[in-house]
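data_23.txt (compact mmCIF, C-alpha atoms) appears below.
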```
# COMPACT_ATOMS: atom_id res chain seq x y z
CA MET A 1 222.10 196.74 73.06
CA ILE A 2 219.54 194.14 74.17
CA LYS A 3 219.35 190.93 72.15
CA LYS A 4 216.26 189.44 73.78
CA SER A 5 212.72 190.83 73.78
CA ILE A 6 212.44 194.09 75.67
CA TRP A 7 210.07 194.06 78.60
CA ILE A 8 209.15 197.57 79.55
CA TYR A 9 207.85 199.07 82.76
CA HIS A 10 206.03 202.37 82.52
CA LEU A 11 207.01 204.76 85.33
CA ASN A 12 205.28 208.13 85.57
CA THR A 13 207.02 210.49 87.98
CA GLY A 14 204.51 213.33 88.06
CA GLY A 15 204.09 214.16 84.37
CA CYS A 16 201.02 215.62 82.70
CA ASN A 17 200.07 212.26 81.08
CA GLY A 18 200.81 213.50 77.55
CA CYS A 19 203.82 211.22 77.18
CA ASP A 20 201.93 208.35 78.84
CA ILE A 21 199.20 208.55 76.21
CA GLU A 22 201.90 208.39 73.51
CA ILE A 23 203.35 205.27 75.17
CA ILE A 24 199.89 203.67 75.06
CA ASP A 25 199.73 204.69 71.38
CA VAL A 26 202.94 202.75 70.75
CA LEU A 27 201.30 199.59 72.08
CA THR A 28 198.11 199.92 69.99
CA PRO A 29 197.69 197.85 66.78
CA PHE A 30 198.50 200.85 64.57
CA HIS A 31 202.10 201.27 65.80
CA ASP A 32 202.27 197.81 67.40
CA ALA A 33 205.49 197.76 69.41
CA GLU A 34 204.91 194.08 70.15
CA ARG A 35 206.23 193.11 66.71
CA LEU A 36 209.63 194.29 68.02
CA GLY A 37 209.21 192.02 71.04
CA VAL A 38 208.22 194.81 73.36
CA LYS A 39 205.93 193.82 76.20
CA LEU A 40 204.46 196.00 78.90
CA VAL A 41 204.85 194.46 82.36
CA GLY A 42 203.20 195.39 85.63
CA SER A 43 206.18 195.19 87.94
CA PRO A 44 209.69 196.66 87.73
CA ARG A 45 211.02 193.27 88.87
CA HIS A 46 210.19 191.86 85.42
CA ALA A 47 211.48 194.80 83.40
CA ASP A 48 214.57 195.30 81.23
CA VAL A 49 213.75 198.87 80.30
CA ILE A 50 212.01 201.50 82.40
CA LEU A 51 210.13 204.14 80.41
CA LEU A 52 210.39 207.18 82.66
CA THR A 53 208.09 210.16 82.08
CA GLY A 54 207.61 213.32 84.07
CA PRO A 55 209.98 215.79 85.74
CA ILE A 56 210.46 213.65 88.92
CA THR A 57 208.58 215.59 91.55
CA ARG A 58 209.79 215.55 95.14
CA GLN A 59 206.71 213.49 96.12
CA SER A 60 207.44 210.78 93.57
CA MET A 61 211.24 210.69 93.87
CA GLU A 62 211.40 208.05 96.64
CA LYS A 63 209.00 205.78 94.78
CA ALA A 64 210.95 206.23 91.55
CA ILE A 65 214.17 205.23 93.35
CA ASN A 66 212.41 202.15 94.77
CA ALA A 67 211.16 201.14 91.31
CA ILE A 68 214.56 201.63 89.68
CA THR A 69 216.44 199.67 92.35
CA ALA A 70 213.84 196.88 92.11
CA ALA A 71 214.57 196.26 88.41
CA PRO A 72 217.13 193.51 87.77
CA ASP A 73 220.44 194.18 86.03
CA PRO A 74 221.16 194.81 83.19
CA LYS A 75 218.60 197.60 83.12
CA PHE A 76 218.13 200.69 81.03
CA ILE A 77 216.08 203.85 81.39
CA VAL A 78 214.40 205.64 78.51
CA ALA A 79 213.70 209.25 79.51
CA ILE A 80 210.61 210.20 77.51
CA GLY A 81 209.56 213.79 77.00
CA SER A 82 211.12 217.14 77.75
CA CYS A 83 210.32 216.86 81.46
CA ALA A 84 212.29 213.67 81.95
CA CYS A 85 215.16 214.67 79.64
CA GLY A 86 215.94 218.11 81.01
CA GLY A 87 213.27 219.13 83.51
CA GLY A 88 211.06 220.70 80.85
CA ILE A 89 209.24 223.85 81.74
CA TRP A 90 209.62 223.02 85.46
CA TYR A 91 213.39 222.65 85.42
CA ASP A 92 213.93 225.27 88.16
CA SER A 93 210.77 224.67 90.21
CA TYR A 94 211.08 223.89 93.92
CA ALA A 95 208.58 221.03 93.58
CA THR A 96 210.59 219.00 91.07
CA VAL A 97 214.09 217.54 91.03
CA GLY A 98 214.52 218.89 87.50
CA GLY A 99 215.11 216.10 85.03
CA ILE A 100 217.14 212.92 84.86
CA GLU A 101 220.57 214.58 85.23
CA ALA A 102 219.72 216.07 88.63
CA PHE A 103 217.99 212.82 89.60
CA TYR A 104 221.12 210.81 88.78
CA LYS A 105 223.16 213.15 90.96
CA ILE A 106 220.86 212.29 93.88
CA LEU A 107 221.12 208.56 93.05
CA ARG A 108 224.94 208.73 93.13
CA GLU A 109 224.86 210.54 96.49
CA ARG A 110 222.79 207.68 97.89
CA GLY A 111 225.18 205.07 96.56
CA VAL A 112 222.82 203.68 93.89
CA LYS A 113 224.51 202.97 90.56
CA PRO A 114 222.43 204.81 87.96
CA PRO A 115 221.50 202.73 84.88
CA LYS A 116 222.30 203.88 81.34
CA VAL A 117 219.80 206.36 79.99
CA ILE A 118 218.48 206.97 76.47
CA TYR A 119 216.93 210.37 75.79
CA VAL A 120 213.76 210.85 73.75
CA PRO A 121 212.95 214.58 73.68
CA GLY A 122 209.56 215.90 72.59
CA CYS A 123 206.58 217.49 74.24
CA PRO A 124 205.13 214.88 73.89
CA PRO A 125 207.35 212.84 71.54
CA ARG A 126 205.62 211.23 68.56
CA PRO A 127 204.87 207.51 68.98
CA GLU A 128 207.34 206.93 66.14
CA ALA A 129 210.04 208.69 68.19
CA ILE A 130 209.45 206.25 71.07
CA LEU A 131 209.46 203.36 68.57
CA HIS A 132 212.74 204.72 67.19
CA ALA A 133 214.28 204.56 70.70
CA LEU A 134 213.03 200.97 71.18
CA ALA A 135 214.35 200.03 67.72
CA TYR A 136 217.67 201.61 68.69
CA PHE A 137 217.88 199.12 71.57
CA LYS A 138 217.43 196.27 69.12
CA GLY A 139 219.94 197.74 66.64
CA LEU A 140 217.24 198.31 64.00
CA ALA A 141 217.67 202.09 63.88
CA SER A 142 220.65 204.40 64.15
CA LYS A 143 221.06 207.73 65.91
CA LYS A 144 220.29 210.76 63.78
CA ILE A 145 221.37 213.59 66.06
CA LYS A 146 224.78 214.84 67.13
CA LYS A 147 226.21 217.95 68.74
CA ARG A 148 226.75 220.80 66.31
CA VAL A 149 228.91 223.84 67.02
CA PHE A 150 229.29 226.82 64.71
CA VAL A 151 232.10 229.34 65.30
CA GLU A 152 232.04 232.64 63.40
CA LYS A 153 235.33 233.43 61.67
CA MET B 1 175.34 185.58 60.59
CA SER B 2 178.10 183.40 59.44
CA ARG B 3 180.99 182.37 61.64
CA PHE B 4 183.43 183.99 59.26
CA THR B 5 182.00 187.53 59.40
CA LEU B 6 184.89 188.74 61.52
CA LEU B 7 187.51 187.04 59.35
CA LYS B 8 185.89 188.48 56.20
CA LYS B 9 185.92 191.94 57.74
CA ALA B 10 189.56 191.57 58.75
CA LYS B 11 190.50 190.51 55.23
CA GLU B 12 188.54 193.41 53.77
CA ILE B 13 190.35 195.99 55.91
CA GLY B 14 193.78 194.38 55.67
CA VAL B 15 196.85 195.26 57.71
CA ILE B 16 196.75 198.70 59.32
CA THR B 17 199.99 198.44 61.27
CA GLU B 18 202.58 200.86 59.93
CA ARG B 19 206.05 199.52 59.13
CA TYR B 20 207.82 202.34 60.90
CA PRO B 21 211.32 201.33 62.03
CA TYR B 22 211.85 199.57 58.70
CA LYS B 23 210.24 202.18 56.46
CA PRO B 24 210.26 205.96 56.98
CA THR B 25 207.07 207.72 58.02
CA LYS B 26 205.53 211.02 57.03
CA VAL B 27 204.69 213.84 59.42
CA PRO B 28 201.52 215.92 59.08
CA GLU B 29 201.63 219.37 57.53
CA GLY B 30 202.67 222.10 59.97
CA PHE B 31 204.34 219.64 62.30
CA ARG B 32 206.76 221.29 64.71
CA GLY B 33 209.89 219.20 64.94
CA LYS B 34 213.40 220.08 66.04
CA PRO B 35 214.06 223.84 65.85
CA GLU B 36 217.27 224.66 64.02
CA ILE B 37 219.33 227.86 64.06
CA ASP B 38 220.81 228.91 60.73
CA PRO B 39 224.26 230.09 61.88
CA GLU B 40 224.77 232.19 58.76
CA LYS B 41 221.64 234.26 59.42
CA CYS B 42 221.68 234.54 63.24
CA ILE B 43 222.76 237.98 64.51
CA GLY B 44 222.83 237.15 68.21
CA CYS B 45 220.09 239.57 69.30
CA CYS B 46 218.77 237.10 71.93
CA ALA B 47 215.07 237.71 71.11
CA CYS B 48 214.53 233.93 71.05
CA ILE B 49 216.14 233.57 74.48
CA ALA B 50 213.69 236.08 75.98
CA ALA B 51 210.75 234.26 74.34
CA CYS B 52 211.71 230.67 75.23
CA PRO B 53 209.32 229.46 77.98
CA PRO B 54 211.49 226.63 79.43
CA ASN B 55 214.84 228.41 78.83
CA ALA B 56 216.00 225.73 76.43
CA LEU B 57 217.71 228.56 74.56
CA THR B 58 220.43 230.27 76.56
CA SER B 59 223.15 232.78 75.81
CA LEU B 60 226.56 233.33 77.34
CA ASP B 61 229.28 235.88 76.57
CA GLU B 62 232.74 234.37 76.88
CA ASN B 63 236.19 234.97 75.37
CA GLY B 64 234.93 237.50 72.85
CA TYR B 65 232.14 235.26 71.60
CA ARG B 66 228.41 235.15 72.26
CA VAL B 67 227.33 231.54 72.62
CA ILE B 68 223.70 230.87 71.62
CA ARG B 69 222.93 227.38 72.86
CA ILE B 70 219.81 225.32 72.30
CA PHE B 71 219.24 222.19 74.38
CA TYR B 72 216.62 219.96 72.73
CA GLY B 73 216.20 217.94 75.92
CA ARG B 74 214.34 220.85 77.49
CA CYS B 75 212.69 222.28 74.36
CA ILE B 76 208.90 222.02 74.33
CA PHE B 77 208.65 222.62 70.55
CA CYS B 78 206.23 225.56 70.92
CA GLY B 79 207.78 227.54 68.04
CA ARG B 80 207.87 230.91 69.82
CA CYS B 81 211.53 231.40 68.89
CA VAL B 82 210.53 231.11 65.25
CA ASP B 83 207.84 233.78 65.69
CA VAL B 84 210.12 236.36 67.32
CA CYS B 85 213.29 235.89 65.25
CA PRO B 86 213.78 239.16 63.27
CA GLU B 87 216.12 237.53 60.74
CA LYS B 88 214.07 234.31 60.29
CA ALA B 89 217.18 232.40 61.35
CA ILE B 90 215.30 229.74 63.33
CA ARG B 91 212.95 227.32 61.66
CA MET B 92 211.09 224.22 62.78
CA THR B 93 212.30 221.18 60.87
CA GLU B 94 210.38 217.94 60.45
CA GLU B 95 212.93 215.88 62.38
CA PHE B 96 211.56 214.09 65.40
CA GLU B 97 213.89 211.09 65.83
CA LEU B 98 215.99 212.69 68.54
CA THR B 99 217.08 209.52 70.35
CA ALA B 100 220.42 210.22 72.06
CA ASP B 101 222.78 208.46 74.46
CA ASP B 102 224.17 211.58 76.04
CA HIS B 103 222.55 214.93 76.78
CA GLU B 104 225.50 216.74 75.15
CA GLU B 105 224.37 215.29 71.82
CA LEU B 106 221.10 217.22 72.10
CA VAL B 107 222.83 220.58 71.78
CA GLN B 108 223.31 223.09 69.00
CA GLU B 109 225.75 225.94 69.61
CA VAL B 110 226.30 229.11 67.60
CA ARG B 111 229.32 231.25 68.54
CA LEU B 112 229.24 234.82 67.22
CA LYS B 113 232.01 237.43 67.49
CA LEU B 114 231.49 240.38 69.85
CA VAL B 115 232.62 244.00 69.37
CA ARG B 116 234.47 246.06 71.97
CA CYS B 117 233.43 249.49 73.25
CA SER B 118 235.79 252.15 71.88
CA VAL B 119 235.92 253.91 75.29
CA CYS B 120 236.11 251.22 77.98
CA GLY B 121 237.04 248.25 75.81
CA ARG B 122 234.49 245.79 77.11
CA TYR B 123 232.48 243.50 74.86
CA TYR B 124 228.89 244.69 74.49
CA ASP B 125 227.27 243.47 71.24
CA THR B 126 227.78 241.08 68.37
CA GLU B 127 229.41 242.30 65.20
CA ARG B 128 226.48 241.19 63.05
CA HIS B 129 223.98 243.05 65.26
CA TYR B 130 226.12 246.20 65.05
CA ARG B 131 226.20 246.01 61.27
CA MET B 132 222.43 245.42 61.15
CA ILE B 133 221.75 248.53 63.27
CA LEU B 134 223.94 250.64 60.96
CA LYS B 135 222.04 249.33 57.96
CA GLU B 136 218.67 250.07 59.59
CA PHE B 137 219.71 253.66 60.29
CA GLU B 138 220.67 254.06 56.65
CA GLU B 139 217.39 252.63 55.44
CA ALA B 140 215.43 254.98 57.72
CA GLY B 141 217.28 257.95 56.25
CA LEU B 142 219.06 258.82 59.51
CA LYS B 143 222.64 259.97 59.47
CA VAL B 144 224.65 258.42 62.27
CA ASP B 145 228.33 258.40 63.06
CA PRO B 146 229.49 254.74 63.08
CA GLU B 147 231.99 255.51 65.83
CA VAL B 148 229.13 256.46 68.17
CA LEU B 149 227.59 253.03 67.79
CA ARG B 150 230.97 251.54 68.63
CA ARG B 151 230.41 252.71 72.21
CA CYS B 152 228.67 250.55 74.81
CA PRO B 153 225.22 251.76 75.97
CA GLU B 154 226.74 253.21 79.16
CA HIS B 155 229.16 255.47 77.33
CA ARG B 156 226.54 256.38 74.74
CA MET B 157 224.11 257.59 77.37
CA GLY B 158 225.75 260.96 78.09
CA MET B 159 225.63 262.08 74.50
CA SER B 160 222.77 264.14 73.14
CA ALA B 161 220.77 263.23 70.08
CA GLU B 162 222.49 266.05 68.24
CA VAL B 163 225.96 264.65 68.81
CA ILE B 164 224.86 261.16 67.85
CA GLY B 165 223.40 262.64 64.70
CA LEU B 166 219.85 261.36 64.89
CA ARG B 167 218.50 263.99 62.55
CA ARG B 168 216.51 263.21 59.50
CA VAL B 169 218.41 264.13 56.34
CA ARG B 170 216.43 266.74 54.44
CA LYS B 171 216.05 266.08 50.78
```
This entry written out as structure tokens:
Amino acid sequence: MIKKSIWIYHLNTGGCNGCDIEIIDVLTPFHDAERLGVKLVGSPRHADVILLTGPITRQSMEKAINAITAAPDPKFIVAIGSCACGGGIWYDSYATVGGIEAFYKILRERGVKPPKVIYVPGCPPRPEAILHALAYFKGLASKKIKKRVFVEK
Amino acid sequence: MSRFTLLKKAKEIGVITERYPYKPTKVPEGFRGKPEIDPEKCIGCCACIAACPPNALTSLDENGYRVIRIFYGRCIFCGRCVDVCPEKAIRMTEEFELTADDHEELVQEVRLKLVRCSVCGRYYDTERHYRMILKEFEEAGLKVDPEVLRRCPEHRMGMSAEVIGLRRVRK
């Protein structure tokens, strides 16, 4: 999907910091995401990919929208953890938006074009799972999951 | 202390970086990965749905089928569904590479046939659950008329234990 080195911006939207610690793990010498060209940057203006964690609380929503609109096109979002992917255990709480799907609905209402999202479920996901998503961007790994439906005859 | 102490140490330890995206990795013992429903074993009792803390497991009765749906995007991998499943139909696999483009890809659905009430004709239970209850009565040594169990709980309520036949068979 991206041919050049991926520069990532780490955006926590009110998570418990479990996923954030796993992201830091990815950047340590043991997993070493930098050998795939991944670099952590301090500003969304430099980023290709935004690593979004947390269920997007109402307090952090405005800031998250600011950060996402600040990133230059083409941009991608990687939703890391159960909270970001589907709202997690707080999916119906009044204090959170409830995951990336509901957040994208709000973005569309405001006239912001939502970037493409890659889901990485897990609570928290293993560092290898995050590496797998980053390798998927580079075309080094393939998807291993698909929808399965069983109908009793 | 020589200038090359650090280099010597580095050579002694070697490379610790794992080669993950190029080579597969191992998960520790007892790792809880993606929970999977075995559709051949599931009876549609919905015990897992009551136990699921984030409601990643949901059920829906439509068109004569009970749809058991698990959405991995909301699953917190706690393994409670595995603990409560009476048929051991759910198990935690060791899969963790759940990268997906669309949230519909993170879904497993099991559609089980429902049975109709013999009085009012509405769907009330899955066929597999009905058969399991019959079998359990037999194993407990209780004689029960299968037609009684074909009624929905509402129409079963008015009947006494005697009519239903919940009497222990004397040997």
Which residue is closest to chain B? Choose from A:Asp20, A:Asp48, A:Glu34, A:Asp73 and count only C-alpha atoms.
A:Glu34
Write out as a ChimeraX atom specification the residues lying within 10 Å of segment 136-140 of chain A, counting all atoms listed in the file and excluding same-chain residues fewer than 4 positions away.
/A:1-6,36-37,49,76,118,130-132 /B:21-22,99-100
His155 of chain B: which residues within 9 Å, counting all atoms listed in the file, same-chain residues fewer than 5 positions away excluded, as a list in words?
Cys117, Val119 and Cys120 of chain B
I need the contact residues of chain A against chain B, so if you could list those with any atom within 9 Å, counting only C-alpha atoms, and return them as number ranges by chain, that would help.
A: 29-32, 81-91, 99, 101, 116-126, 128-133, 135-136, 140-153
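Taking atom CA of Leu134 of chain A and atom CA of Ala10 of chain B as endpoints, the distance between them is 28.2 Å.
For the choices B:Ala89, B:Met159, B:Cys81, B:Met132, the atom-to-atom distance to Ala50 of chain B is smallest for B:Cys81 when using only C-alpha atoms.
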Would you mind exporting segment 52-168 of chain B with C-alpha atoms, as a CSV table (one decimal), in the first residue's frame?
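And here is the file that came out, part13.csv:
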```csv
chain,number,residue,atom,x,y,z
B,52,CYS,CA,-19.4,-11.9,27.3
B,53,PRO,CA,-18.4,-8.7,29.1
B,54,PRO,CA,-18.2,-6.4,26.0
B,55,ASN,CA,-21.1,-8.0,24.1
B,56,ALA,CA,-18.8,-9.1,21.3
B,57,LEU,CA,-21.0,-12.2,21.1
B,58,THR,CA,-24.6,-11.5,20.1
B,59,SER,CA,-27.6,-13.5,19.1
B,60,LEU,CA,-30.5,-12.7,16.9
B,61,ASP,CA,-33.5,-14.8,15.9
B,62,GLU,CA,-34.5,-14.3,12.3
B,63,ASN,CA,-36.2,-16.2,9.5
B,64,GLY,CA,-36.3,-19.4,11.5
B,65,TYR,CA,-32.6,-19.3,12.3
B,66,ARG,CA,-30.7,-18.3,15.5
B,67,VAL,CA,-27.7,-16.3,14.5
B,68,ILE,CA,-24.7,-16.5,16.9
B,69,ARG,CA,-22.3,-13.7,15.9
B,70,ILE,CA,-18.9,-13.0,17.2
B,71,PHE,CA,-17.2,-9.7,16.4
B,72,TYR,CA,-13.4,-9.9,17.0
B,73,GLY,CA,-13.1,-6.2,16.8
B,74,ARG,CA,-14.8,-5.9,20.2
B,75,CYS,CA,-13.6,-9.1,21.8
B,76,ILE,CA,-11.3,-8.6,24.8
B,77,PHE,CA,-10.0,-12.2,24.7
B,78,CYS,CA,-10.9,-12.9,28.3
B,79,GLY,CA,-12.0,-16.5,27.6
B,80,ARG,CA,-15.2,-16.5,29.6
B,81,CYS,CA,-17.2,-17.9,26.7
B,82,VAL,CA,-14.9,-20.9,26.8
B,83,ASP,CA,-15.5,-21.4,30.5
B,84,VAL,CA,-19.3,-21.3,30.3
B,85,CYS,CA,-19.9,-23.3,27.1
B,86,PRO,CA,-21.7,-26.5,28.1
B,87,GLU,CA,-20.7,-28.3,24.9
B,88,LYS,CA,-17.1,-27.1,24.8
B,89,ALA,CA,-17.9,-25.6,21.3
B,90,ILE,CA,-15.8,-22.5,21.8
B,91,ARG,CA,-12.0,-22.7,22.1
B,92,MET,CA,-9.2,-20.1,22.2
B,93,THR,CA,-6.9,-20.6,19.2
B,94,GLU,CA,-3.4,-19.4,19.0
B,95,GLU,CA,-4.1,-17.0,16.1
B,96,PHE,CA,-3.3,-13.4,16.8
B,97,GLU,CA,-2.7,-11.9,13.3
B,98,LEU,CA,-6.1,-10.4,12.9
B,99,THR,CA,-5.2,-7.5,10.6
B,100,ALA,CA,-8.3,-6.6,8.5
B,101,ASP,CA,-9.4,-4.0,6.0
B,102,ASP,CA,-13.0,-4.1,6.8
B,103,HIS,CA,-14.8,-4.7,10.1
B,104,GLU,CA,-17.1,-7.3,8.4
B,105,GLU,CA,-14.0,-9.5,8.0
B,106,LEU,CA,-13.7,-9.8,11.7
B,107,VAL,CA,-17.0,-11.7,12.1
B,108,GLN,CA,-17.9,-15.3,12.6
B,109,GLU,CA,-21.5,-16.3,12.2
B,110,VAL,CA,-23.2,-19.5,13.1
B,111,ARG,CA,-26.9,-20.0,12.0
B,112,LEU,CA,-28.8,-22.7,13.7
B,113,LYS,CA,-32.4,-23.9,12.9
B,114,LEU,CA,-35.2,-23.0,15.3
B,115,VAL,CA,-38.2,-25.2,16.3
B,116,ARG,CA,-41.8,-24.0,16.3
B,117,CYS,CA,-44.2,-24.2,19.3
B,118,SER,CA,-46.8,-26.9,18.5
B,119,VAL,CA,-49.6,-24.6,19.9
B,120,CYS,CA,-48.9,-21.0,18.8
B,121,GLY,CA,-46.4,-21.8,16.0
B,122,ARG,CA,-43.8,-19.3,17.0
B,123,TYR,CA,-40.1,-20.0,17.1
B,124,TYR,CA,-38.7,-20.5,20.6
B,125,ASP,CA,-35.6,-22.7,20.7
B,126,THR,CA,-33.0,-24.3,18.5
B,127,GLU,CA,-33.4,-27.8,17.3
B,128,ARG,CA,-30.1,-28.9,18.7
B,129,HIS,CA,-31.0,-27.5,22.2
B,130,TYR,CA,-34.3,-29.3,22.1
B,131,ARG,CA,-32.7,-32.6,21.3
B,132,MET,CA,-30.1,-32.1,24.0
B,133,ILE,CA,-32.8,-31.5,26.6
B,134,LEU,CA,-34.6,-34.7,25.6
B,135,LYS,CA,-31.3,-36.6,25.9
B,136,GLU,CA,-30.7,-35.1,29.4
B,137,PHE,CA,-34.1,-36.2,30.6
B,138,GLU,CA,-33.4,-39.7,29.4
B,139,GLU,CA,-30.0,-39.8,31.1
B,140,ALA,CA,-31.6,-38.6,34.4
B,141,GLY,CA,-34.1,-41.4,34.2
B,142,LEU,CA,-37.1,-39.1,33.8
B,143,LYS,CA,-39.9,-40.0,31.4
B,144,VAL,CA,-41.1,-37.0,29.4
B,145,ASP,CA,-43.5,-36.7,26.5
B,146,PRO,CA,-41.5,-35.2,23.6
B,147,GLU,CA,-44.6,-33.3,22.4
B,148,VAL,CA,-44.7,-31.4,25.7
B,149,LEU,CA,-41.2,-30.0,25.0
B,150,ARG,CA,-42.4,-29.0,21.6
B,151,ARG,CA,-44.4,-26.3,23.3
B,152,CYS,CA,-43.0,-22.8,24.0
B,153,PRO,CA,-42.4,-21.9,27.7
B,154,GLU,CA,-45.6,-19.9,27.8
B,155,HIS,CA,-47.8,-22.8,26.7
B,156,ARG,CA,-45.9,-25.2,28.9
B,157,MET,CA,-46.5,-23.1,32.0
B,158,GLY,CA,-50.2,-24.2,32.6
B,159,MET,CA,-49.4,-27.8,32.7
B,160,SER,CA,-48.7,-29.7,35.9
B,161,ALA,CA,-45.6,-31.8,36.6
B,162,GLU,CA,-47.9,-34.8,36.4
B,163,VAL,CA,-49.0,-34.1,32.9
B,164,ILE,CA,-45.5,-33.3,31.7
B,165,GLY,CA,-44.4,-36.6,33.2
B,166,LEU,CA,-41.6,-35.5,35.4
B,167,ARG,CA,-41.8,-38.6,37.6
B,168,ARG,CA,-38.8,-40.8,38.2
```
